[in-house]
$ cat start-v7.tsv   # TSV, C-alpha atoms
chain	number	residue	atom	x	y	z
A	1	ARG	CA	39.88	66.09	93.05
A	2	LEU	CA	39.30	68.68	90.37
A	3	SER	CA	40.85	71.71	92.04
A	4	ARG	CA	43.22	74.36	90.74
A	5	GLU	CA	46.39	73.08	92.46
A	6	LYS	CA	46.05	69.74	90.68
A	7	GLY	CA	47.00	71.38	87.36
A	8	HIS	CA	44.22	69.91	85.22
A	9	ALA	CA	44.00	73.10	83.15
A	10	ASP	CA	47.64	72.54	82.14
A	11	LEU	CA	46.80	68.96	81.18
A	12	LEU	CA	43.96	70.10	78.93
A	13	GLN	CA	46.27	72.60	77.22
A	14	ALA	CA	48.83	69.82	76.74
A	15	LEU	CA	46.21	67.51	75.27
A	16	ALA	CA	45.21	70.24	72.81
A	17	LEU	CA	48.85	70.57	71.74
A	18	VAL	CA	49.18	66.79	71.23
A	19	ALA	CA	45.89	66.62	69.34
A	20	GLY	CA	47.09	69.55	67.23
A	21	GLN	CA	49.98	67.36	66.08
A	22	GLY	CA	47.43	64.97	64.62
A	23	LEU	CA	48.14	62.31	67.23
A	24	ALA	CA	45.37	60.01	68.44
A	25	CYS	CA	44.78	60.82	72.09
A	26	SER	CA	41.99	61.10	74.62
A	27	LEU	CA	41.67	61.79	78.30
A	28	VAL	CA	39.54	60.53	81.17
A	29	LEU	CA	39.57	63.23	83.83
A	30	ALA	CA	38.18	61.35	86.83
A	31	GLY	CA	37.06	63.15	89.94
A	32	ASP	CA	34.90	66.04	90.97
A	33	GLY	CA	35.47	69.38	92.57
A	34	PRO	CA	35.23	73.14	92.28
A	35	GLU	CA	37.00	73.34	88.90
A	36	ARG	CA	34.89	70.79	87.04
A	37	SER	CA	32.65	73.18	85.11
A	38	ALA	CA	35.59	75.46	84.24
A	39	LEU	CA	37.57	72.47	82.97
A	40	GLU	CA	34.64	71.23	80.89
A	41	GLY	CA	34.37	74.71	79.37
A	42	GLN	CA	38.11	74.87	78.74
A	43	ALA	CA	38.02	71.52	76.93
A	44	ARG	CA	35.25	72.83	74.65
A	45	GLU	CA	37.09	76.11	74.04
A	46	LEU	CA	40.30	74.25	73.14
A	47	GLY	CA	38.37	72.13	70.65
A	48	ILE	CA	39.07	68.89	72.51
A	49	GLY	CA	35.69	68.45	74.18
A	50	ASP	CA	35.12	65.26	72.19
A	51	ARG	CA	38.44	63.85	73.43
A	52	VAL	CA	37.83	64.39	77.15
A	53	VAL	CA	35.49	62.36	79.37
A	54	PHE	CA	34.50	63.70	82.80
A	55	PRO	CA	33.03	60.69	84.66
A	56	GLY	CA	32.89	62.53	87.99
A	57	TYR	CA	33.81	60.85	91.26
A	58	VAL	CA	35.03	57.29	90.74
A	59	SER	CA	34.72	55.03	93.78
A	60	ARG	CA	37.12	52.44	92.31
A	61	PRO	CA	39.94	54.28	90.51
A	62	GLN	CA	41.52	50.89	89.75
A	63	GLN	CA	38.84	50.41	87.10
A	64	VAL	CA	39.96	53.58	85.32
A	65	LEU	CA	43.62	52.57	85.64
A	66	GLU	CA	42.91	49.13	84.18
A	67	GLU	CA	41.89	50.86	80.94
A	68	ALA	CA	44.60	53.55	81.03
A	69	ASP	CA	47.64	53.62	78.78
A	70	LEU	CA	49.24	56.48	80.71
A	71	MET	CA	48.52	58.24	84.02
A	72	VAL	CA	49.30	61.95	84.07
A	73	LEU	CA	49.65	63.83	87.35
A	74	PRO	CA	50.02	67.55	86.43
A	75	SER	CA	49.92	68.92	89.99
A	76	HIS	CA	51.31	72.30	91.01
A	77	THR	CA	51.69	71.03	94.56
A	78	GLU	CA	51.57	67.50	95.95
A	79	GLY	CA	52.36	65.46	99.02
A	80	LEU	CA	53.18	61.82	98.50
A	81	PRO	CA	51.12	61.10	95.36
A	82	ASN	CA	48.97	58.06	96.08
A	83	ALA	CA	47.55	58.25	92.56
A	84	ALA	CA	51.03	57.70	91.09
A	85	LEU	CA	51.70	54.84	93.52
A	86	GLU	CA	48.41	53.19	92.54
A	87	ALA	CA	49.15	53.56	88.82
A	88	LEU	CA	52.64	52.11	89.13
A	89	ALA	CA	51.36	49.27	91.30
A	90	MET	CA	49.12	48.39	88.35
A	91	ASP	CA	52.00	48.69	85.84
A	92	VAL	CA	50.62	51.89	84.27
A	93	PRO	CA	53.27	54.38	83.08
A	94	VAL	CA	53.27	57.71	84.93
A	95	LEU	CA	54.01	61.23	83.73
A	96	ALA	CA	54.06	63.72	86.61
A	97	THR	CA	55.26	67.14	87.61
A	98	ALA	CA	58.34	67.33	89.81
A	99	VAL	CA	56.63	68.76	92.91
A	100	GLY	CA	56.38	67.77	96.56
A	101	GLY	CA	56.94	64.07	97.23
A	102	THR	CA	56.53	63.03	93.59
A	103	PRO	CA	60.30	62.72	92.94
A	104	GLU	CA	60.39	60.22	95.83
A	105	VAL	CA	58.09	57.99	93.77
A	106	ILE	CA	59.16	58.79	90.19
A	107	THR	CA	62.77	58.86	89.06
A	108	ASP	CA	62.82	60.61	85.71
A	109	GLY	CA	63.74	58.23	82.91
A	110	GLU	CA	63.84	55.22	85.23
A	111	THR	CA	60.41	54.72	86.81
A	112	GLY	CA	58.45	57.34	84.89
A	113	ARG	CA	58.79	60.84	83.55
A	114	LEU	CA	58.97	64.13	85.47
A	115	VAL	CA	58.38	67.58	83.99
A	116	PRO	CA	58.25	71.04	85.57
A	117	PRO	CA	54.92	72.21	87.02
A	118	SER	CA	52.75	74.74	85.18
A	119	ALA	CA	54.35	73.78	81.85
A	120	PRO	CA	51.75	72.51	79.36
A	121	ALA	CA	54.31	72.37	76.54
A	122	ALA	CA	56.54	70.06	78.63
A	123	LEU	CA	53.55	67.85	79.42
A	124	ALA	CA	52.63	67.74	75.72
A	125	SER	CA	56.18	66.85	74.72
A	126	ALA	CA	56.27	63.99	77.22
A	127	MET	CA	52.82	62.78	76.14
A	128	SER	CA	53.97	62.75	72.51
A	129	ASP	CA	57.09	60.85	73.57
A	130	PHE	CA	54.87	58.28	75.28
A	131	LEU	CA	52.83	57.80	72.10
A	132	ALA	CA	56.02	57.30	70.09
A	133	HIS	CA	57.89	55.09	72.58
A	134	ARG	CA	55.35	53.04	74.51
A	135	GLU	CA	57.73	50.11	75.09
A	136	ARG	CA	60.27	52.30	76.88
A	137	TRP	CA	57.53	53.83	79.03
A	138	GLN	CA	56.23	50.36	79.87
A	139	GLN	CA	59.72	49.38	81.02
A	140	TRP	CA	59.72	52.43	83.29
A	141	ALA	CA	56.31	51.41	84.67
A	142	THR	CA	57.59	47.91	85.43
A	143	ALA	CA	60.59	49.40	87.25
A	144	GLY	CA	58.19	51.73	89.06
A	145	ARG	CA	56.03	48.80	90.15
A	146	ARG	CA	59.11	47.17	91.69
A	147	THR	CA	59.95	50.42	93.48
A	148	VAL	CA	56.41	50.66	94.86
A	149	GLU	CA	56.56	47.04	96.04
A	150	GLN	CA	59.96	47.53	97.70
A	151	ARG	CA	59.60	51.02	99.17
A	152	PHE	CA	55.93	51.87	99.50
A	153	ASP	CA	54.06	48.61	100.01
A	154	PHE	CA	52.11	48.71	103.28
A	155	ARG	CA	53.24	45.20	104.27
A	156	ALA	CA	56.89	46.05	103.64
A	157	ARG	CA	56.58	49.25	105.67
A	158	THR	CA	54.88	47.29	108.47
A	159	ARG	CA	57.72	44.73	108.52
A	160	LYS	CA	60.28	47.56	108.73
A	161	MET	CA	58.39	49.13	111.64
A	162	GLU	CA	58.16	45.75	113.40
A	163	ALA	CA	61.94	45.32	113.04
A	164	ILE	CA	62.53	48.76	114.53
A	165	TYR	CA	60.20	48.04	117.47
A	166	GLU	CA	61.84	44.66	118.06
A	167	GLU	CA	65.27	46.29	118.03
A	168	LEU	CA	64.15	48.98	120.46
A	169	ALA	CA	62.45	46.43	122.71
A	170	GLY	CA	65.65	44.38	122.84
A	171	ARG	CA	67.72	47.28	124.15
A	172	ASP	CA	68.36	47.57	127.88
$ encode --input "start-v7.tsv" --output "C-alpha cells"
Amino acid sequence: RLSREKGHADLLQALALVAGQGLACSLVLAGDGPERSALEGQARELGIGDRVVFPGYVSRPQQVLEEADLMVLPSHTEGLPNAALEALAMDVPVLATAVGGTPEVITDGETGRLVPPSAPAALASAMSDFLAHRERWQQWATAGRRTVEQRFDFRARTRKMEAIYEELAGRD
C-alpha cells in the first residue's frame, strides 16, 4: 500500500543517496495507493526516476520477491509485518525500520537489519552495506527464514494452539 505511514518517501531519498555514491541500485515499489503519484514525482525530482519501477498492485508478491535481492520495509508505523515474514520465508534479506511488531520478526544483525524510522540516511547506509556485504546479509536471511518457520509458520502456530486446547481439555 503506497500510503504516507509506509515511509516510501524516505526509501526514495535513501535510494537517491545510494545512487549518488555511484552504486548500482534500482527499486521496484510494488503496490498502489494515495501516495503513488507523489512518489512518482519525487523519484523524478530526485533524479532516480529511471531507477524506480512502479508496477502498481501485484496480486502475487512472491513473484516480485523471487527477483528481489533485498526487501526494504521503511514504515513509520507497523503491526506484525507480513511483508517481512514473506520475504524471509523466501530467503530474501530484509532491511526494516524498528517500529511496531517488526523487532519481533527482525533481530538486528542476526535475521536482518533494523534502522530508526524516518531516517533516509540510515536506510541508505544499510542499503550500501547490503551492496558491499551480500553474503553476510544472505546469512541473516537464512537465519530469518528459520525464525519464520519456527515462530510464525501457520502450521506451527496451529500445533501450539492444539496442544494448549488438549491441555485445557484434559484438566478437571
$ residues_around --input "start-v7.tsv" --residues "segment 96-110 of chain A" --least-positions-apart "5" --cutoff "9 Å" --atoms "all atoms listed in the file" --output "list in words"
Met71, Val72, Leu73, Pro74, Ser75, His76, Thr77, Glu78, Gly79, Leu80, Pro81, Ala84, Leu85, Val115, Pro116, Pro117, Ser118, Ala119, Leu123, Trp137, Gln139, Trp140, Ala141, Ala143, Gly144, Thr147, Val148, Arg151 and Phe152 of chain A
$ atom_distance --input "start-v7.tsv" --atom1 "atom CA of Arg1 of chain A" --atom2 "atom CA of Met90 of chain A"
20.5 Å
$ residues_near_point --input "start-v7.tsv" --point "(38.5, 52.1, 91.2)" --cutoff "12 Å" --atoms "only C-alpha atoms" --output "list in words"
Ala30, Gly31, Tyr57, Val58, Ser59, Arg60, Pro61, Gln62, Gln63, Val64, Leu65, Glu66, Glu67, Ala68, Ala83, Glu86, Ala87 and Met90 of chain A
$ closest_residue --input "start-v7.tsv" --among "A:Met127, A:Val92, A:Val28, A:Ala38" --to "Leu15 of chain A" --atoms "only C-alpha atoms"
A:Met127
$ closest_residue --input "start-v7.tsv" --among "A:Pro34, A:Ala16, A:Ser26, A:Gly47" --to "Arg4 of chain A" --atoms "all atoms listed in the file"
A:Pro34
$ atom_distance --input "start-v7.tsv" --atom1 "atom CA of His8 of chain A" --atom2 "atom CA of Pro120 of chain A"
9.9 Å
$ atom_distance --input "start-v7.tsv" --atom1 "atom CA of Asp91 of chain A" --atom2 "atom CA of Arg136 of chain A"
12.7 Å
$ closest_residue --input "start-v7.tsv" --among "A:Ser128, A:Ala9, A:Gly41, A:Glu135" --to "Pro93 of chain A" --atoms "all atoms listed in the file"
A:Glu135
$ residues_around --input "start-v7.tsv" --residues "Ser37 of chain A" --least-positions-apart "5" --cutoff "10 Å" --atoms "only C-alpha atoms" --output "CSV table (one decimal) with C-alpha atoms, in the frame of the given file"
chain,number,residue,atom,x,y,z
A,2,LEU,CA,39.3,68.7,90.4
A,32,ASP,CA,34.9,66.0,91.0
A,42,GLN,CA,38.1,74.9,78.7
A,43,ALA,CA,38.0,71.5,76.9
A,54,PHE,CA,34.5,63.7,82.8
$ residues_near_point --input "start-v7.tsv" --point "(49.9, 66.8, 74.6)" --cutoff "10 Å" --atoms "all atoms listed in the file" --output "compact mmCIF listing (two decimals) with C-alpha atoms, in the frame of the given file"
# COMPACT_ATOMS: atom_id res chain seq x y z
CA ASP A 10 47.64 72.54 82.14
CA LEU A 11 46.80 68.96 81.18
CA LEU A 12 43.96 70.10 78.93
CA GLN A 13 46.27 72.60 77.22
CA ALA A 14 48.83 69.82 76.74
CA LEU A 15 46.21 67.51 75.27
CA ALA A 16 45.21 70.24 72.81
CA LEU A 17 48.85 70.57 71.74
CA VAL A 18 49.18 66.79 71.23
CA ALA A 19 45.89 66.62 69.34
CA GLY A 20 47.09 69.55 67.23
CA GLN A 21 49.98 67.36 66.08
CA LEU A 23 48.14 62.31 67.23
CA CYS A 25 44.78 60.82 72.09
CA SER A 26 41.99 61.10 74.62
CA PRO A 120 51.75 72.51 79.36
CA ALA A 121 54.31 72.37 76.54
CA ALA A 122 56.54 70.06 78.63
CA LEU A 123 53.55 67.85 79.42
CA ALA A 124 52.63 67.74 75.72
CA SER A 125 56.18 66.85 74.72
CA ALA A 126 56.27 63.99 77.22
CA MET A 127 52.82 62.78 76.14
CA SER A 128 53.97 62.75 72.51
CA ASP A 129 57.09 60.85 73.57
CA PHE A 130 54.87 58.28 75.28
CA LEU A 131 52.83 57.80 72.10
$ closest_residue --input "start-v7.tsv" --among "A:Ala89, A:His133, A:Thr111, A:Leu168" --to "Arg145 of chain A" --atoms "all atoms listed in the file"
A:Ala89
$ closest_residue --input "start-v7.tsv" --among "A:Gln150, A:Lys6, A:Ala24, A:Leu70" --to "Gly112 of chain A" --atoms "only C-alpha atoms"
A:Leu70
$ decode --input "start-v7.tsv" --residues "segment 108-138 of chain A" --atoms "N, CA and C atoms" --output "CSV table (one decimal), in the first residue's frame"
chain,number,residue,atom,x,y,z
A,108,ASP,N,18.2,-7.3,14.8
A,108,ASP,CA,19.2,-6.6,14.1
A,108,ASP,C,20.6,-7.3,14.1
A,109,GLY,N,21.1,-7.5,12.9
A,109,GLY,CA,22.4,-8.2,12.8
A,109,GLY,C,22.4,-9.7,13.0
A,110,GLU,N,21.2,-10.2,13.1
A,110,GLU,CA,21.0,-11.7,13.2
A,110,GLU,C,20.1,-12.3,12.1
A,111,THR,N,18.9,-11.6,12.0
A,111,THR,CA,18.0,-12.1,11.0
A,111,THR,C,17.6,-11.0,10.0
A,112,GLY,N,18.3,-9.9,10.0
A,112,GLY,CA,18.1,-8.8,9.1
A,112,GLY,C,18.7,-7.5,9.7
A,113,ARG,N,18.3,-6.4,9.2
A,113,ARG,CA,18.8,-5.1,9.7
A,113,ARG,C,17.7,-4.2,10.1
A,114,LEU,N,17.8,-3.6,11.2
A,114,LEU,CA,16.8,-2.6,11.7
A,114,LEU,C,17.5,-1.2,11.8
A,115,VAL,N,16.7,-0.2,11.3
A,115,VAL,CA,17.2,1.2,11.4
A,115,VAL,C,16.0,2.0,12.0
A,116,PRO,N,16.3,3.2,12.5
A,116,PRO,CA,15.2,4.1,13.0
A,116,PRO,C,14.3,4.5,11.9
A,117,PRO,N,13.0,4.8,12.3
A,117,PRO,CA,12.1,5.3,11.2
A,117,PRO,C,12.4,6.7,10.9
A,118,SER,N,11.9,7.1,9.7
A,118,SER,CA,12.0,8.5,9.2
A,118,SER,C,13.5,8.9,9.2
A,119,ALA,N,14.4,8.0,8.7
A,119,ALA,CA,15.8,8.3,8.7
A,119,ALA,C,16.4,7.8,7.4
A,120,PRO,N,16.2,8.6,6.3
A,120,PRO,CA,16.7,8.1,5.0
A,120,PRO,C,18.2,7.8,5.0
A,121,ALA,N,19.0,8.6,5.7
A,121,ALA,CA,20.4,8.4,5.7
A,121,ALA,C,20.8,7.0,6.3
A,122,ALA,N,20.0,6.6,7.3
A,122,ALA,CA,20.2,5.3,8.0
A,122,ALA,C,19.8,4.2,7.0
A,123,LEU,N,18.7,4.4,6.3
A,123,LEU,CA,18.3,3.4,5.2
A,123,LEU,C,19.4,3.3,4.2
A,124,ALA,N,19.9,4.5,3.7
A,124,ALA,CA,20.9,4.5,2.7
A,124,ALA,C,22.2,3.8,3.1
A,125,SER,N,22.6,4.0,4.4
A,125,SER,CA,23.8,3.4,4.9
A,125,SER,C,23.6,1.9,4.9
A,126,ALA,N,22.5,1.4,5.4
A,126,ALA,CA,22.2,0.0,5.4
A,126,ALA,C,22.2,-0.6,4.0
A,127,MET,N,21.6,0.1,3.1
A,127,MET,CA,21.5,-0.4,1.7
A,127,MET,C,22.9,-0.5,1.1
A,128,SER,N,23.7,0.5,1.4
A,128,SER,CA,25.1,0.4,0.9
A,128,SER,C,25.9,-0.7,1.5
A,129,ASP,N,25.6,-1.0,2.8
A,129,ASP,CA,26.2,-2.1,3.5
A,129,ASP,C,25.8,-3.4,2.8
A,130,PHE,N,24.5,-3.5,2.5
A,130,PHE,CA,24.0,-4.7,1.8
A,130,PHE,C,24.8,-4.9,0.5
A,131,LEU,N,24.9,-3.9,-0.3
A,131,LEU,CA,25.6,-4.0,-1.6
A,131,LEU,C,27.1,-4.4,-1.4
A,132,ALA,N,27.7,-4.0,-0.3
A,132,ALA,CA,29.1,-4.4,-0.1
A,132,ALA,C,29.3,-5.7,0.6
A,133,HIS,N,28.2,-6.2,1.3
A,133,HIS,CA,28.4,-7.4,2.1
A,133,HIS,C,27.2,-8.4,1.9
A,134,ARG,N,26.9,-8.7,0.7
A,134,ARG,CA,25.7,-9.5,0.4
A,134,ARG,C,25.8,-10.9,1.1
A,135,GLU,N,26.9,-11.5,1.2
A,135,GLU,CA,27.0,-12.8,1.8
A,135,GLU,C,26.5,-12.8,3.3
A,136,ARG,N,26.9,-11.8,4.0
A,136,ARG,CA,26.5,-11.6,5.4
A,136,ARG,C,25.0,-11.4,5.5
A,137,TRP,N,24.5,-10.6,4.6
A,137,TRP,CA,23.0,-10.4,4.6
A,137,TRP,C,22.3,-11.6,4.2
A,138,GLN,N,22.8,-12.4,3.3
A,138,GLN,CA,22.2,-13.7,3.0
A,138,GLN,C,22.2,-14.7,4.1
